[in-house]
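Engineer: A single structure is presented below for examination.
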Amino acid sequence: MKTTMSPLALALLAAFSTFACAEDAPIHQLGTVTITGNRPTSLPTQIPTTIEGITQAEIEKTINATDSEDALKYLPSLLVRKRYIGDYNHAVLSTRASGTGNSARSMVYADGILLSNYLGNGASFAPRWGMVSPEQIDRVDVLYGPFSAAYGGNSVGAVVDYVTRMPAKFEAHAKLTLTHQPFELYGTSDSYDGKRASIALGDRQGAWSWYVDLSRTDSEGQPLTFPAKNVGKPSSAGIPVTGAVAGLDRTNSNWLLLGAGTQYHTVQDQFKAKLAYDFSPTVRATYTFGLWRNDSEGRPETYLRDAAGRPVYFGTVNIAGSSYTLGATDFNVSNEKLQHLMHGLTVKSNTKGVFDWELAASLYDYDKDRLRAATVELPGALTGGAGRIVNQGGTGWNTLSGKGVWRPDAAHVAEFGYQREAYKLASIENATSNWIDGAPGDRNSAFAGKTETNSLYAQDSWKFAPAWKTVLGMRYERWTAHDGATSNRTTTKPHPERSENYLSPKAALAYQASDAWVLKASLGRAVRMPTVSELYQGGINASGQLINNDPNLKPEKSWTTELTAERRFANGQLRLTAFGERTKDALYSQVNVLAGASVSTVQNVDRINTKGLEASYTADDVWVRGLGLSSSLTWTDSKIARNDKFAASVGMWQPRIPEWRATGVANYDVNDQLSLTLAARYSGRQYSTLDNTDVNGFAYMGASKYFTTDVRARYRINRQWSAAVGIDNLNNYKYWNFHPYPQRTYVAELKFDL
């Protein structure tokens, strides 16, 4: 499905609304953003750059939220590659100058506990969204860019902080959500349903407060992969079959789609508990425990039928006079069982006086993490047979930090601290005689390694004149990589230890030009260290050489700038931002020739330049009382400026960065009980390959443009009960990001609050 709507439409609506609301603007002393609110955030108290956010009330009104990442759905320049409800391994975050293949270029926290997965970089290293349910969220704050010294190089895109609930008195919540997605693509025509139930309790008695949340998601996702073959030469070999679907691949070459695969049925359980104790009115200790379990089944469907109408999954077949051979794993069958644990402990003071402090530690543990997949053909594989087991038990990360906030006088707020982040990868693949429940056999491959970053930082927010404020900061990081090893069936190659040091300066300047206008400029350096899997997860060829990985990768080094003008109105705000980024040694997978063979290896791309403009507008009571508008428009030009290892990519677009994107949300409170929402998102053309040869985005493995609309109606029945119905992708746009995104999806909710 195609649309002729201009990407400027939502921005024009916002601009028109600006003039409608420009009267009676209040005095607004902004300077740097000061984080306030009824729940503490892990973000620095003084933020020298753009920040956006959304509250629990806004989420409930405007978003059909089935997962925590849905809270980010309409924020400027952000995209979460969520393929289906409960997507646990590919829902990565994209930002202004970082595509969905660069998951390590953003940071996601929940109450200061790191959820981002820096064991790798890419689609399969998504943040651990499952550790936060939508009902737990009190608000979400998003800091754009690497302009705060309090964060490392992974903040080059954005820092997301989920602030979750903590009760002031006894409260109870329960929610039931049902979803239904009719899906038609290639030879697949089916419906996929989901259900989610949650219950939460909390209370505060004296110095103690607690909150527990339990939820279960049972979700059927649409097919995500499609076994295909390039059109072959005429041949009489093979069993004649019908059902193959002719199409064009992402390079516009003819191919045949033979079936659908990776159709997940996933059941997830989440338990979250928070316990807090107030030592005094200004000092609180908080312990957080999270348990996330996931059982999933990936099942395929063949489109091929023989003369008797029986499904065909393997062997040599003949389609329209051409011969094709189906491998045993072309239609892949898999089961996955995961159990992850999270612990977090924070002790902080909040006097808002001369000095405040915070100590925090967290642990994320792959307690159980096992994938089983068949290596024998269907349909026999459904009852057993040979396979492989991938075990990542023992993998995880831990963090430790301490920080202080010093306010010597009204002009200065200084923040400083120490941080340690440590990551461990332990992955082994074994053969097995029975992929369903057999014991591990001989080793196929293994990857192991550790990285650690120790950091010191300091920054000072200084109001040096009545209308001027600056933030100056510096971050020192010492990064080490050690205990790395890559193995095949018989050989293990250890990797030498590495240690490197980096300084990252930060600077921001804000000017209160008038009561309504604030101008800001920010500059920051970010050093994004290579992840454990980029360094060590590869292979060893017959000659004993490493392939598909490079333990000597350089870190990415980016300089990012931002110029912003903000205009406050009586009931809204307009923000205009120009941003730029120059990245040296960007980390991307590209083809390399080793020992006469072409292999895809993570390598350093010499330089990528990005520039862009972003507009964001929000307002309440626009034209009529109760109508709220929120919109954004982003233009980006992100090109590869130098790449000595792949000359064909120079001058091409950075993968997964569209030139245009836009969001818009209109919410109307009909009365105190009923609210109605219409929302839309647009993204322009984009590419997945460095040389931009994937010109057809509307195909399996392509990355397409899209325009989708969502609707939601929420009705408060009484003080305790509320209900909502909604439709995501109302216009049923069929769009892709390697895998197909969901088509039109119906959502119904029933909620109880006490």
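Each chain in the structure tokens gets a letter, A, B and so on, in the order shown; residues start at 1 in every chain, and ligands are counted from 1 in the order they appear.
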Would you please give, as a PyMOL selection string, all residues of stretch 253-493 of chain A that DSSP assigns to strand (DSSP E) based on the backbone?
Structural biologist: chain A and resi 254-257+259-280+283-302+315-319+322-326+334-349+355-374+387-391+396-409+412-432+443-465+468-487+492-493
Engineer: Need to verify the contact set: A:Gly187, 10 Å, only C-alpha atoms, exclusion of same-chain residues closer than 3 positions in sequence. Can you return it as a ChimeraX atom specification?
Structural biologist: /A:184,190,226,243-246,257-260,301-304
Engineer: Please save all heavy atoms of the selected residues as a tab-separated table (two decimals), in the first residue's frame.
Structural biologist:
chain	number	residue	atom	x	y	z
A	184	GLU	N	-1.77	-10.73	5.83
A	184	GLU	CA	-1.68	-11.28	4.48
A	184	GLU	C	-0.41	-10.78	3.82
A	184	GLU	O	-0.19	-9.57	3.72
A	184	GLU	CB	-2.90	-10.88	3.64
A	184	GLU	CG	-4.20	-11.51	4.11
A	184	GLU	CD	-5.34	-11.28	3.15
A	184	GLU	OE1	-5.08	-10.74	2.05
A	184	GLU	OE2	-6.48	-11.62	3.48
A	190	ASP	N	-3.50	-15.35	7.40
A	190	ASP	CA	-3.85	-15.92	8.70
A	190	ASP	C	-4.08	-14.78	9.67
A	190	ASP	O	-3.87	-13.60	9.35
A	190	ASP	CB	-2.74	-16.84	9.19
A	190	ASP	CG	-3.26	-17.94	10.11
A	190	ASP	OD1	-4.37	-17.79	10.66
A	190	ASP	OD2	-2.53	-18.94	10.26
A	226	PHE	N	11.26	-15.53	5.13
A	226	PHE	CA	10.61	-16.13	3.98
A	226	PHE	C	11.67	-16.83	3.13
A	226	PHE	O	12.42	-16.18	2.39
A	226	PHE	CB	9.88	-15.07	3.16
A	226	PHE	CG	8.78	-14.39	3.93
A	226	PHE	CD1	9.06	-13.27	4.71
A	226	PHE	CD2	7.49	-14.88	3.92
A	226	PHE	CE1	8.08	-12.65	5.45
A	226	PHE	CE2	6.49	-14.27	4.66
A	226	PHE	CZ	6.78	-13.16	5.43
A	243	GLY	N	2.70	-23.48	-5.82
A	243	GLY	CA	2.52	-22.65	-4.62
A	243	GLY	C	3.56	-21.59	-4.42
A	243	GLY	O	3.36	-20.67	-3.61
A	244	ALA	N	4.69	-21.66	-5.10
A	244	ALA	CA	5.72	-20.63	-4.95
A	244	ALA	C	5.18	-19.28	-5.42
A	244	ALA	O	4.40	-19.20	-6.37
A	244	ALA	CB	6.96	-21.01	-5.74
A	245	VAL	N	5.58	-18.23	-4.74
A	245	VAL	CA	5.11	-16.89	-5.05
A	245	VAL	C	6.25	-16.11	-5.71
A	245	VAL	O	7.34	-15.98	-5.13
A	245	VAL	CB	4.64	-16.16	-3.78
A	245	VAL	CG1	4.22	-14.73	-4.11
A	245	VAL	CG2	3.50	-16.92	-3.13
A	246	ALA	N	6.01	-15.62	-6.92
A	246	ALA	CA	7.03	-14.84	-7.63
A	246	ALA	C	7.08	-13.42	-7.07
A	246	ALA	O	6.05	-12.83	-6.73
A	246	ALA	CB	6.72	-14.81	-9.12
A	257	LEU	N	9.40	-16.90	-3.56
A	257	LEU	CA	9.18	-17.08	-2.13
A	257	LEU	C	8.53	-18.45	-1.93
A	257	LEU	O	7.46	-18.74	-2.47
A	257	LEU	CB	8.28	-15.98	-1.58
A	257	LEU	CG	8.86	-14.56	-1.42
A	257	LEU	CD1	10.12	-14.56	-0.58
A	257	LEU	CD2	9.09	-13.89	-2.75
A	258	LEU	N	9.18	-19.30	-1.15
A	258	LEU	CA	8.76	-20.70	-1.02
A	258	LEU	C	7.94	-20.97	0.23
A	258	LEU	O	7.35	-22.05	0.35
A	258	LEU	CB	9.99	-21.61	-1.02
A	258	LEU	CG	10.99	-21.39	-2.16
A	258	LEU	CD1	12.13	-22.39	-2.05
A	258	LEU	CD2	10.31	-21.48	-3.50
A	259	GLY	N	7.93	-20.04	1.16
A	259	GLY	CA	7.19	-20.27	2.40
A	259	GLY	C	7.45	-19.16	3.39
A	259	GLY	O	8.06	-18.13	3.07
A	260	ALA	N	7.01	-19.38	4.61
A	260	ALA	CA	7.18	-18.42	5.70
A	260	ALA	C	7.86	-19.11	6.87
A	260	ALA	O	7.65	-20.31	7.10
A	260	ALA	CB	5.84	-17.84	6.13
A	301	GLU	N	6.13	-22.44	7.64
A	301	GLU	CA	5.03	-22.92	6.80
A	301	GLU	C	5.51	-22.90	5.36
A	301	GLU	O	6.01	-21.89	4.87
A	301	GLU	CB	3.81	-22.02	6.95
A	301	GLU	CG	2.68	-22.36	5.98
A	301	GLU	CD	1.67	-21.23	5.84
A	301	GLU	OE1	1.96	-20.12	6.32
A	301	GLU	OE2	0.61	-21.47	5.22
A	302	THR	N	5.37	-24.02	4.66
A	302	THR	CA	5.74	-24.05	3.25
A	302	THR	C	4.55	-23.69	2.38
A	302	THR	O	3.40	-24.03	2.70
A	302	THR	CB	6.28	-25.44	2.85
A	302	THR	OG1	6.65	-25.41	1.47
A	302	THR	CG2	5.24	-26.53	3.06
A	303	TYR	N	4.83	-22.98	1.29
A	303	TYR	CA	3.79	-22.70	0.30
A	303	TYR	C	3.72	-23.82	-0.75
A	303	TYR	O	2.76	-23.86	-1.53
A	303	TYR	CB	4.09	-21.39	-0.44
A	303	TYR	CG	4.15	-20.15	0.42
A	303	TYR	CD1	4.90	-19.05	0.02
A	303	TYR	CD2	3.46	-20.06	1.63
A	303	TYR	CE1	4.96	-17.89	0.78
A	303	TYR	CE2	3.52	-18.92	2.41
A	303	TYR	CZ	4.27	-17.84	1.98
A	303	TYR	OH	4.32	-16.69	2.73
A	304	LEU	N	4.71	-24.71	-0.77
A	304	LEU	CA	4.85	-25.69	-1.83
A	304	LEU	C	3.97	-26.91	-1.59
A	304	LEU	O	3.89	-27.43	-0.47
A	304	LEU	CB	6.30	-26.12	-1.97
A	304	LEU	CG	7.33	-24.99	-2.16
A	304	LEU	CD1	8.74	-25.57	-2.26
A	304	LEU	CD2	7.00	-24.16	-3.39
Engineer: What does the distance from atom CA of A:Asp753 to atom CA of A:Glu60 come to in Å, to one decimal?
Structural biologist: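 Calculated distance between atom CA of A:Asp753 and atom CA of A:Glu60 is 12.6 Å.
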Engineer: Ranking A:Gly327, A:Gly86, A:Pro281, A:Pro167 by minimum distance to A:Pro227 and counting only C-alpha atoms, which one comes first?
Structural biologist: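 Nearest candidate to A:Pro227 out of A:Gly327, A:Gly86, A:Pro281, A:Pro167: A:Gly327.
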Engineer: Show which residues sit within 6 Å of stretch 194-210 of chain A, as a ChimeraX atom specification. Count only C-alpha atoms, and ignore same-chain residues fewer than 3 positions away.
Structural biologist: /A:167-179,213-220,274-278
Engineer: Find the residue from A:Leu730, A:Ile51, A:Leu79, A:Val532 that sits nearest to A:Glu566; use only C-alpha atoms when measuring.
Structural biologist: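 Of the candidates, the smallest distance to A:Glu566 is held by A:Ile51.
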Engineer: Do you know which residues are at most 10 Å from A:Gly438 counting only C-alpha atoms, after dropping those on the same chain fewer than 3 positions away, and could you put them as a list in words?
Structural biologist: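 Close residues of A:Gly438: Arg372, Gly384, Gly385, Ala386, Gly387, Arg388, Ile389, Ala431, Thr432, Ser433, Asn434, Trp435 and Gly441 of chain A.
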Engineer: Quote the spacing between atom CA of A:Ala526 and atom CA of A:Asn548 in Å to one decimal place.
Structural biologist: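 Atom CA of A:Asn548 lies at a distance of 25.9 Å from atom CA of A:Ala526.
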Engineer: DSSP on the backbone: which residues in stretch 391-581 of chain A end up as alpha helix (DSSP H)? Give the answer as an MDAnalysis selection string.
Structural biologist: chainID A and resid 532:536
Engineer: Applying 8 Å and only C-alpha atoms, which residues near A:Trp397 remain after dropping the ones on its own chain fewer than 3 positions away? List them as number ranges by chain.
Structural biologist: A: 363-365, 421-424
Engineer: Work out how far apart atom CA of A:Pro134 and atom CA of A:Thr55 are and give it in Å to one decimal.
Structural biologist: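 We find that atom CA of A:Pro134 and atom CA of A:Thr55 lie 11.2 Å from each other.
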Engineer: With only C-alpha atoms as the atoms that count, which of A:Ile717, A:Arg250, A:Val518, A:Ala104 lies nearest to A:Asn692?
Structural biologist: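 Looking at the shortest contact to A:Asn692, the residue is A:Arg250.
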Engineer: Got a sec: who's within 9 Å of A:Ile608, counting only C-alpha atoms, leaving out chain neighbours fewer than 6 positions off, as a ChimeraX atom specification?
Structural biologist: /A:581-586,638-643,654
Engineer: Atoms to include: N, CA, C and O atoms. Write the selected residues as a compact mmCIF listing (two decimals), in the first residue's frame.
Structural biologist:
# COMPACT_ATOMS: atom_id res chain seq x y z
N GLU A 581 26.77 15.53 13.36
CA GLU A 581 27.63 14.51 13.97
C GLU A 581 28.67 14.06 12.96
O GLU A 581 28.35 13.80 11.80
N ARG A 582 29.90 14.00 13.40
CA ARG A 582 30.99 13.46 12.58
C ARG A 582 31.57 12.28 13.34
O ARG A 582 32.12 12.44 14.44
N THR A 583 31.43 11.08 12.75
CA THR A 583 31.88 9.86 13.41
C THR A 583 33.06 9.26 12.66
O THR A 583 33.00 9.04 11.44
N LYS A 584 34.11 9.00 13.40
CA LYS A 584 35.30 8.36 12.86
C LYS A 584 35.35 6.91 13.35
O LYS A 584 35.03 6.62 14.50
N ASP A 585 35.72 5.99 12.45
CA ASP A 585 35.85 4.56 12.78
C ASP A 585 34.52 3.95 13.20
O ASP A 585 34.45 3.15 14.14
N ALA A 586 33.44 4.31 12.49
CA ALA A 586 32.13 3.72 12.77
C ALA A 586 32.20 2.21 12.57
O ALA A 586 32.90 1.70 11.68
N SER A 638 22.69 11.91 6.18
CA SER A 638 23.73 11.10 6.82
C SER A 638 24.43 10.28 5.74
O SER A 638 23.86 9.34 5.19
N LYS A 639 25.68 10.63 5.44
CA LYS A 639 26.40 10.01 4.32
C LYS A 639 27.76 9.47 4.79
O LYS A 639 28.39 10.02 5.70
N ILE A 640 28.19 8.42 4.12
CA ILE A 640 29.52 7.86 4.35
C ILE A 640 30.52 8.71 3.58
O ILE A 640 30.46 8.81 2.35
N ALA A 641 31.42 9.35 4.30
CA ALA A 641 32.38 10.27 3.68
C ALA A 641 33.68 9.59 3.27
O ALA A 641 34.34 10.02 2.32
N ARG A 642 34.06 8.53 4.00
CA ARG A 642 35.29 7.83 3.67
C ARG A 642 35.19 6.39 4.17
O ARG A 642 34.77 6.16 5.30
N ASN A 643 35.58 5.45 3.30
CA ASN A 643 35.58 4.04 3.69
C ASN A 643 36.58 3.31 2.80
O ASN A 643 36.22 2.79 1.74
N GLN A 654 23.98 6.48 5.16
CA GLN A 654 24.20 5.57 6.28
C GLN A 654 22.98 4.65 6.41
O GLN A 654 21.84 5.12 6.34
Engineer: Got a sec: who's within 8 Å of stretch 333-338 of chain A, counting only C-alpha atoms, leaving out chain neighbours fewer than 4 positions off, as a count of residues only?
Structural biologist: 23
Engineer: Identify which of the residues A:Ser94, A:Thr188, A:Leu75, A:Tyr418 lies closest to A:Ala680, counting only C-alpha atoms when measuring atom-to-atom distances.
Structural biologist: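 Smallest separation from A:Ala680 among the options: A:Leu75.
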Engineer: Could you tell me which of A:Val413, A:Ile540, A:Ala666, A:Ala97 comes closest to A:Pro146 if we count only C-alpha atoms?
Structural biologist: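 Result for the nearest residue to A:Pro146: A:Ala97.
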